[in-house]
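Student: Shown below is the structure under consideration.
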Amino acid sequence: MSKTTLGLIAAASAATGAACTALFFSSTSQRLPPAPIAATAKLAPASGVARPFNRVQSPVDPAGLFQYGFPGPINDLATRHSLVSGYDRRTRNPAWVAEHITAESLKIRGGDRKHSDFVEDLDIPEKFRAKLKDYYRSGYDRGHQVPAADAKFSQAAMDDTFFLSNMCPQVGQGFNRDYWAHFEDFCRNLTTKYPSVRIVTGPLYLPKLHPDGKYRVSYEVIGTPPNVAVPTHFYKVIIAEDGTTGGQVAVGAFVLPNAVINNKTKLTEFIAPLEVVERASGLEFLNKLPQNRRKELCKEIECSITVREFDNTRKNLKPKN
């Protein structure tokens, strides 16, 4: 990613300190460290001669803790009509949310968001759960990770997108209700070229360079008591399939600051290498997809947004107490 790109991201996200994106993008020019080697039953000494691994009898049993329960982390995997998600109990936000859209699924009109309400996810333990009151007068939108507009094929699917486990605090005017919404529309339009489109969306918490020359991660936390982390950035990983078994897959990854973005900003300014998103999120994507089946999405199609006026009436409603 160019210095120009970094500058635009930093400028667009100045209000939330998102200039820290540079830490991750500047490092992409360096060679990534090799993947760790999986542990095996044998260890090879420096001489290269394998020797048996001898388990030494220990006077202690650290794993005995598990008789009282496993500490975690636990991802609270949710499988619903319109999405699959993994939850981050520490931040009270999803770690990732995956969806699948097709031209056919987007044409079906079986659900209407006016019949949906924002709800807490009761499948998540109460002490780790994002609550409606956390968003009340917070100054942030309850930002869908899987958009309601992608799940109109049934009311149940639509309702699934309104769980708070599919939400993150997002800047409203200028982002969630504007540039981010146009970006979501770009994703839907991909179904006019690709018969199958899969999208993974989630939050990032990126470090910012401070005056003392050190990078630190800093983000707001909303709620009373403070519970829900406000992401500094959001990512989308797009997997556009050609519809054939073993066929070509167009892959695109984007990182956007959780801040006001001018609608004139080119979407290509937010393209990120997939490995950067992985390192920043702690997640792995597409590790079973061979390189010879991958294509770069934005080399296959024009990656640009179309600015449209959206009905933000529902997004402007205050959360329930």
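Residues are referred to by chain and number: the chain letter is A, B, ... according to the order shown in the structure tokens, the number counts from 1 in that chain, and ligands are numbered separately from 1 in the order shown.
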Using backbone DSSP assignments, extract all helix (DSSP H, G or I) residues from region 250-316 of chain A; output them as a PyMOL selection string.

Tutor: chain A and resi 267-270+274-281+291-293+297-300

Student: What separation in Å, quoted to one decimal, exists between CA of Gly172 (chain A) and CA of Arg129 (chain A)?

Tutor: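 So the answer is 22.2 Å.
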
Student: Which residues of region 258-301 of chain A have any atom within 9 Å of an atom in region 189-208 of chain A when counting only C-alpha atoms, and what is the closest pair of atoms for each, with the distance in Å to one decimal? Order the rows by chain and rising number and write it as JSON lines.

Tutor:
{"residue": "A:Val277", "atom": "CA", "partner": "A:Leu204", "partner_atom": "CA", "distance": 8.6}
{"residue": "A:Ala280", "atom": "CA", "partner": "A:Leu204", "partner_atom": "CA", "distance": 6.8}
{"residue": "A:Ser281", "atom": "CA", "partner": "A:Leu204", "partner_atom": "CA", "distance": 6.1}
{"residue": "A:Ile301", "atom": "CA", "partner": "A:Lys193", "partner_atom": "CA", "distance": 8.9}

Student: Kindly save the residues from that selection, with N, CA, C and O atoms included, as a CSV table (one decimal), in the first residue's frame.

Tutor:
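Output below, filename again_38.csv:
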chain,number,residue,atom,x,y,z
A,277,VAL,N,-5.0,-8.0,7.4
A,277,VAL,CA,-6.2,-8.1,8.2
A,277,VAL,C,-6.1,-9.3,9.1
A,277,VAL,O,-6.6,-9.2,10.3
A,280,ALA,N,-3.9,-8.3,12.1
A,280,ALA,CA,-4.6,-7.3,12.9
A,280,ALA,C,-5.8,-7.8,13.7
A,280,ALA,O,-6.1,-7.4,14.8
A,281,SER,N,-6.4,-8.8,13.1
A,281,SER,CA,-7.6,-9.4,13.8
A,281,SER,C,-7.3,-10.7,14.6
A,281,SER,O,-8.2,-11.1,15.4
A,301,ILE,N,-12.7,-6.5,-11.4
A,301,ILE,CA,-13.8,-5.6,-11.5
A,301,ILE,C,-13.3,-4.2,-11.0
A,301,ILE,O,-12.3,-4.1,-10.3

Student: Mind giving me the straight-line distance from CA of His115 (chain A) to CA of Phe162 (chain A) in Å, one decimal?

Tutor: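 Here the two named atoms are 10.8 Å from each other.
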
Student: If I take CA of Val255 (chain A) and CA of Phe285 (chain A), how far is one from the other in Å, to one decimal?

Tutor: 14.7 Å

Student: Rank nothing, just name the residue among A:Lys133, A:Ala156, A:Pro71, A:Gln248 nearest to Leu289 (chain A), using only C-alpha atoms.

Tutor: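 Once distances to Leu289 (chain A) are computed over only C-alpha atoms, the minimum belongs to A:Gln248.
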
Student: Can you pull out the residues contacting region 72-87 of chain A? Cut-off 8 Å, using only C-alpha atoms, and skip same-chain residues under 6 positions away; I want them as a list in words.

Tutor: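 Near neighbours after the sequence-gap exclusion: Asn93, Pro94, Ala95, Trp96, Val97, Ala98, Glu99, His100, Asp123, Ile124, Val146, Ala151, Ala156, Ala157, Met158, Asp160, Thr161, Ser165 and Asn166 of chain A.
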
Student: So that I can check the surroundings of Thr91 (chain A), please list as a list of chain:residue names every protein, DNA and RNA residue that reaches within 8 Å of it, counting only C-alpha atoms and ignoring chain neighbours fewer than 3 positions away.

Tutor: A:Asp88, A:Asn227, A:Val228, A:Ala229

Student: Find the residue from A:Arg89, A:Ile261, A:Val237, A:Gln155 that sits nearest to Glu275 (chain A); use only C-alpha atoms when measuring.

Tutor: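 When distances to Glu275 (chain A) are compared using only C-alpha atoms, the smallest one comes from A:Val237.
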
Student: Which residues, written as a list in words, have at least one atom at most 10 Å from Asn176 (chain A), with only C-alpha atoms counted and residues fewer than 2 positions away on the same chain left out?

Tutor: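 With the cut-off at 10 Å, the set is Tyr140, Asp141, Arg142, Gly143, His144, Pro169, Gln170, Val171, Gly172, Gln173, Gly174, Asp178, Tyr179, Trp180, Ala181, His182, Phe183, Glu184, Asn258, Ala259, Val260, Ile261, Asn312 and Lys315 of chain A.
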
Student: What parts of region 47-243 of chain A does DSSP call strand (DSSP E or B)? I'd like the answer as a ChimeraX atom specification.

Tutor: /A:51-52,78-79,84-88,93-101,119,141-144,163,167-170,196-204,208-209,215-216,221-222,228-229,233-241

Student: Can you work out which one of A:Gln145, A:Asp242, A:Asp159, A:Arg92 has the shortest atom-to-atom distance to Phe128 (chain A), counting only C-alpha atoms?

Tutor: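 For Phe128 (chain A), the nearest of the given residues is A:Arg92.
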